[in-house]
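Take a look at the structure below.
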Amino acid sequence: MSLHLSRRRLLQGAAGAGAVQLAGHAGLALAQGKSISATTYPGAWESAHRGILLPAFTKATGASVSLVPSLAVDTVSKIAASKANPPYDVIILDEGPYLAALSQDIFEKIPTDKMPYLNDVPAKLVDPRGLGVFVSGQIIGIAYNTEKIKTPPKSWNDLLKPEFKGRVGLAGMGSTLMSAWMVEMARLNGGSEENMEPAFQFVKKLLPNVSAVASNPGSLATLFQQGQIDISVHYNNNVGDLQAKGVPVALAKPDTGWIHIKSVMHIVKNTKNPDLAAAYINAALSPEVQTKMAAEPYFVAPVSTKAQFSPGLQAYAKNMAEIEQMNGVDWAKLNPRRGEYIDRFNREIKV
């Protein structure tokens, strides 16, 4: 009980300090009645941003946000198709799509002088070109129904077990979740980002066990909620969100280790609201928002050195150093062929 009380007081104090620092931007006092458009990811991300980030931003600036759930690939496509009048002011992308989109010239330079919370972010988590800032991380493991599966899975190969016939869920490879997992399957079976054949062969062996291929991680979480699947690859924040809704699900650590995915926020080039877009990212980096996002039920890994790792997040990693040791993806190697891999996945992986 005392832990929760002290945490509440801490967050209230951070909220007050954050509001002062955020509201200190010149011109933001004129933001009353203004609105920006920002993207989020479907599912748990949308819930977290609506419940945590948007109120902090509005409290600091008086502006509102039209929040649009969108997969990274779709986000980039829409902006590229309307560069002169982009549909969004600020966007969130995973590392792979962000690196792939650099050549399309759709990002504005980050105004560091208007984002004081950047001072709490390690330099390596800021794009070296100044075109984006990492704001969070997600952890990938084996999600499973704790009522149906009494012995926690220990390996990705457990997905192949006969008892899971028709009970495995996957997402489309257009999602970062599935692309990262496919890289892991390739690597564990002798391949790499540049040789994904072993991953496709693994999934073909897995198909008899697959019940559904969801369009995105949020839809995959819904399949758990509806009882249509019992085991899957998934993010820790989606699992936490399901647990908060009373779904009997947990995330098991594979014997080969967790997978870590980083997300980046960008100001969109030609936005008509650059100051508010900067304030939005600054709010996302505030210790208040970072600490709340890292707490139950979302357990999103923070990037701010002043954010706290919640007890729930510490089940995955005690600190940033442990997160940095997790498995990852070399997106520079994957991206040149990712479109080809997605097309192949869509053709071949059907239930």
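Every chain in the structure tokens takes a letter, A first, then B, and so on in the order presented; its residues are numbered from 1, and the ligands are numbered from 1 following the presented order.
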
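Close contacts of stretch 282-293 of chain A, defined as residues with an atom at most 8 Å away when counting only C-alpha atoms, with chain neighbours fewer than 5 positions off set aside, comprise A:Leu11, A:Ala14, A:Ala15, A:Gly18, A:Leu22, A:Ala48, A:Ile52, A:Leu53, A:Ala56, A:Phe57, A:Met115, A:Pro116, A:Tyr117, A:Leu118, A:Val121, A:Val135, A:Tyr298, A:Phe299, A:Val300, A:Ala301, A:Pro302, A:Val303, A:Ser304, A:Lys306, A:Ala307, A:Gln308, A:Phe309, A:Ser310.
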
Inset, instruction - Give me every alpha helix (DSSP H) residue in stretch 109-303 of chain A, going by DSSP on the backbone, as a PyMOL selection string. - result: chain A and resi 176-188+197-206+217-225+236-244+274-285+287-294

Residues of stretch 111-160 of chain A that have any atom at most 10 Å from an atom of stretch 315-336 of chain A: could you tabulate them with the shortest-distance atom pair and the distance in Å to one decimal, using only C-alpha atoms, ordered by chain and increasing number, as a tab-separated table?
```
residue	atom	partner	partner_atom	distance
A:Gly137	CA	A:Ile323	CA	8.8
A:Gln138	CA	A:Ile323	CA	9.6
A:Ile139	CA	A:Tyr316	CA	7.9
A:Ile140	CA	A:Asn327	CA	9.5
A:Gly141	CA	A:Tyr316	CA	9.9
```

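Shortest separation to A:Lys269 among A:Ala80, A:Val183, A:Leu242, A:Leu313 occurs at residue A:Ala80, atoms counted being only C-alpha atoms.
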
Inset, instruction - Determine which residues of stretch 48-193 of chain A receive a DSSP assignment of strand (DSSP E or B), computed from the backbone, and state them as a PyMOL selection string. - result: chain A and resi 64-69+90-94+107-108+126+133-145+168-171+192

Residue subset to file, keeping N, CA and C atoms, as an mmCIF file, in the first residue's frame:
```cif
data_model
loop_
_atom_site.group_PDB
_atom_site.id
_atom_site.type_symbol
_atom_site.label_atom_id
_atom_site.label_comp_id
_atom_site.auth_asym_id
_atom_site.auth_seq_id
_atom_site.Cartn_x
_atom_site.Cartn_y
_atom_site.Cartn_z
ATOM 1 N N SER A 64 -5.719 20.192 -28.364
ATOM 2 C CA SER A 64 -6.255 18.832 -28.394
ATOM 3 C C SER A 64 -5.546 18.024 -29.476
ATOM 4 N N VAL A 65 -5.818 16.722 -29.485
ATOM 5 C CA VAL A 65 -5.163 15.820 -30.424
ATOM 6 C C VAL A 65 -6.197 14.930 -31.088
ATOM 7 N N SER A 66 -6.143 14.873 -32.396
ATOM 8 C CA SER A 66 -6.892 13.865 -33.142
ATOM 9 C C SER A 66 -5.955 12.667 -33.295
ATOM 10 N N LEU A 67 -6.210 11.620 -32.519
ATOM 11 C CA LEU A 67 -5.306 10.471 -32.477
ATOM 12 C C LEU A 67 -5.801 9.401 -33.439
ATOM 13 N N VAL A 68 -4.930 8.994 -34.356
ATOM 14 C CA VAL A 68 -5.316 8.052 -35.409
ATOM 15 C C VAL A 68 -4.514 6.766 -35.265
ATOM 16 N N PRO A 69 -5.175 5.630 -34.972
ATOM 17 C CA PRO A 69 -4.445 4.367 -34.946
ATOM 18 C C PRO A 69 -4.039 3.955 -36.367
ATOM 19 N N VAL A 90 2.415 14.813 -36.254
ATOM 20 C CA VAL A 90 3.453 14.055 -35.559
ATOM 21 C C VAL A 90 3.077 12.583 -35.636
ATOM 22 N N ILE A 91 4.072 11.728 -35.822
ATOM 23 C CA ILE A 91 3.803 10.306 -36.017
ATOM 24 C C ILE A 91 4.736 9.457 -35.160
ATOM 25 N N ILE A 92 4.306 8.235 -34.916
ATOM 26 C CA ILE A 92 5.154 7.255 -34.253
ATOM 27 C C ILE A 92 5.402 6.105 -35.224
ATOM 28 N N LEU A 93 6.657 5.716 -35.339
ATOM 29 C CA LEU A 93 7.052 4.613 -36.205
ATOM 30 C C LEU A 93 7.989 3.696 -35.435
ATOM 31 N N ASP A 94 8.024 2.447 -35.830
ATOM 32 C CA ASP A 94 9.057 1.571 -35.310
ATOM 33 C C ASP A 94 10.353 1.833 -36.071
ATOM 34 N N PHE A 107 10.328 13.882 -42.891
ATOM 35 C CA PHE A 107 10.507 14.258 -41.494
ATOM 36 C C PHE A 107 11.083 15.667 -41.371
ATOM 37 N N GLU A 108 10.598 16.398 -40.369
ATOM 38 C CA GLU A 108 11.126 17.722 -40.062
ATOM 39 C C GLU A 108 12.220 17.584 -39.001
ATOM 40 N N VAL A 126 18.530 9.466 -30.047
ATOM 41 C CA VAL A 126 18.084 10.562 -30.897
ATOM 42 C C VAL A 126 18.678 10.332 -32.284
ATOM 43 N N VAL A 133 13.111 11.034 -32.493
ATOM 44 C CA VAL A 133 13.552 10.681 -31.142
ATOM 45 C C VAL A 133 12.883 9.374 -30.730
ATOM 46 N N PHE A 134 13.679 8.422 -30.257
ATOM 47 C CA PHE A 134 13.094 7.200 -29.696
ATOM 48 C C PHE A 134 12.339 7.577 -28.420
ATOM 49 N N VAL A 135 11.124 7.074 -28.294
ATOM 50 C CA VAL A 135 10.298 7.439 -27.146
ATOM 51 C C VAL A 135 9.946 6.253 -26.262
ATOM 52 N N SER A 136 10.156 5.032 -26.762
ATOM 53 C CA SER A 136 9.718 3.878 -25.978
ATOM 54 C C SER A 136 10.206 2.586 -26.613
ATOM 55 N N GLY A 137 10.011 1.507 -25.884
ATOM 56 C CA GLY A 137 10.369 0.195 -26.395
ATOM 57 C C GLY A 137 9.349 -0.850 -25.984
ATOM 58 N N GLN A 138 9.232 -1.892 -26.797
ATOM 59 C CA GLN A 138 8.353 -3.011 -26.505
ATOM 60 C C GLN A 138 9.161 -4.294 -26.469
ATOM 61 N N ILE A 139 8.662 -5.253 -25.716
ATOM 62 C CA ILE A 139 9.359 -6.524 -25.538
ATOM 63 C C ILE A 139 8.479 -7.645 -26.081
ATOM 64 N N ILE A 140 9.072 -8.495 -26.886
ATOM 65 C CA ILE A 140 8.343 -9.586 -27.545
ATOM 66 C C ILE A 140 8.685 -10.920 -26.896
ATOM 67 N N GLY A 141 7.657 -11.687 -26.594
ATOM 68 C CA GLY A 141 7.833 -13.032 -26.051
ATOM 69 C C GLY A 141 6.689 -13.928 -26.499
ATOM 70 N N ILE A 142 6.473 -15.020 -25.769
ATOM 71 C CA ILE A 142 5.421 -15.984 -26.112
ATOM 72 C C ILE A 142 4.212 -15.731 -25.215
ATOM 73 N N ALA A 143 3.154 -15.226 -25.788
ATOM 74 C CA ALA A 143 1.916 -14.997 -25.043
ATOM 75 C C ALA A 143 1.113 -16.293 -25.010
ATOM 76 N N TYR A 144 0.517 -16.585 -23.853
ATOM 77 C CA TYR A 144 -0.252 -17.828 -23.756
ATOM 78 C C TYR A 144 -1.375 -17.697 -22.734
ATOM 79 N N ASN A 145 -2.425 -18.463 -22.962
ATOM 80 C CA ASN A 145 -3.586 -18.498 -22.076
ATOM 81 C C ASN A 145 -3.240 -19.358 -20.855
ATOM 82 N N VAL A 168 -2.906 -21.504 -32.366
ATOM 83 C CA VAL A 168 -1.838 -20.509 -32.484
ATOM 84 C C VAL A 168 -2.331 -19.321 -33.305
ATOM 85 N N GLY A 169 -1.988 -18.124 -32.875
ATOM 86 C CA GLY A 169 -2.313 -16.921 -33.632
ATOM 87 C C GLY A 169 -1.059 -16.223 -34.129
ATOM 88 N N LEU A 170 -1.131 -15.635 -35.312
ATOM 89 C CA LEU A 170 -0.042 -14.841 -35.860
ATOM 90 C C LEU A 170 -0.611 -13.502 -36.325
ATOM 91 N N ALA A 171 0.270 -12.561 -36.592
ATOM 92 C CA ALA A 171 -0.132 -11.291 -37.200
ATOM 93 C C ALA A 171 0.494 -11.195 -38.582
ATOM 94 N N SER A 192 19.119 -15.198 -41.577
ATOM 95 C CA SER A 192 19.422 -13.840 -41.140
ATOM 96 C C SER A 192 18.417 -12.887 -41.763
#
```

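Atom pair atom CA of A:Lys161 / atom CA of A:Thr176 has a distance of 25.2 Å (rounded to one decimal).
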
Listing only residues of stretch 110-205 of chain A within 10 Å of stretch 209-213 of chain A, what is the closest atom pair and its distance in Å (to one decimal) for each, using only C-alpha atoms, sorted by chain and residue number ascending, as JSON lines?
```
{"residue": "A:Leu159", "atom": "CA", "partner": "A:Asn209", "partner_atom": "CA", "distance": 7.7}
{"residue": "A:Leu160", "atom": "CA", "partner": "A:Asn209", "partner_atom": "CA", "distance": 6.9}
{"residue": "A:Lys161", "atom": "CA", "partner": "A:Asn209", "partner_atom": "CA", "distance": 8.1}
{"residue": "A:Pro162", "atom": "CA", "partner": "A:Asn209", "partner_atom": "CA", "distance": 7.4}
{"residue": "A:Glu163", "atom": "CA", "partner": "A:Asn209", "partner_atom": "CA", "distance": 8.5}
{"residue": "A:Phe164", "atom": "CA", "partner": "A:Asn209", "partner_atom": "CA", "distance": 5.7}
{"residue": "A:Lys165", "atom": "CA", "partner": "A:Asn209", "partner_atom": "CA", "distance": 3.7}
{"residue": "A:Gly166", "atom": "CA", "partner": "A:Asn209", "partner_atom": "CA", "distance": 4.4}
{"residue": "A:Arg167", "atom": "CA", "partner": "A:Ser211", "partner_atom": "CA", "distance": 5.4}
{"residue": "A:Val168", "atom": "CA", "partner": "A:Val210", "partner_atom": "CA", "distance": 4.5}
{"residue": "A:Gly169", "atom": "CA", "partner": "A:Ala212", "partner_atom": "CA", "distance": 5.3}
{"residue": "A:Leu170", "atom": "CA", "partner": "A:Val213", "partner_atom": "CA", "distance": 4.7}
{"residue": "A:Ala171", "atom": "CA", "partner": "A:Val213", "partner_atom": "CA", "distance": 5.0}
{"residue": "A:Gly172", "atom": "CA", "partner": "A:Val213", "partner_atom": "CA", "distance": 6.2}
{"residue": "A:Met173", "atom": "CA", "partner": "A:Val213", "partner_atom": "CA", "distance": 9.6}
{"residue": "A:Val203", "atom": "CA", "partner": "A:Val210", "partner_atom": "CA", "distance": 9.2}
{"residue": "A:Lys204", "atom": "CA", "partner": "A:Val210", "partner_atom": "CA", "distance": 9.9}
{"residue": "A:Lys205", "atom": "CA", "partner": "A:Asn209", "partner_atom": "CA", "distance": 8.6}
```

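For the pair atom CA of A:Asn273 and atom CA of A:Pro55, the separation is 18.4 Å.
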
Legend entry - Distance query A:Lys245 at most 12 Å, only C-alpha atoms, self and fewer than 2 positions along chain excluded, as JSON, numbers by chain: {"A": [44, 221, 222, 224, 225, 226, 238, 239, 240, 241, 242, 243, 247, 248, 249, 296, 297, 298]}
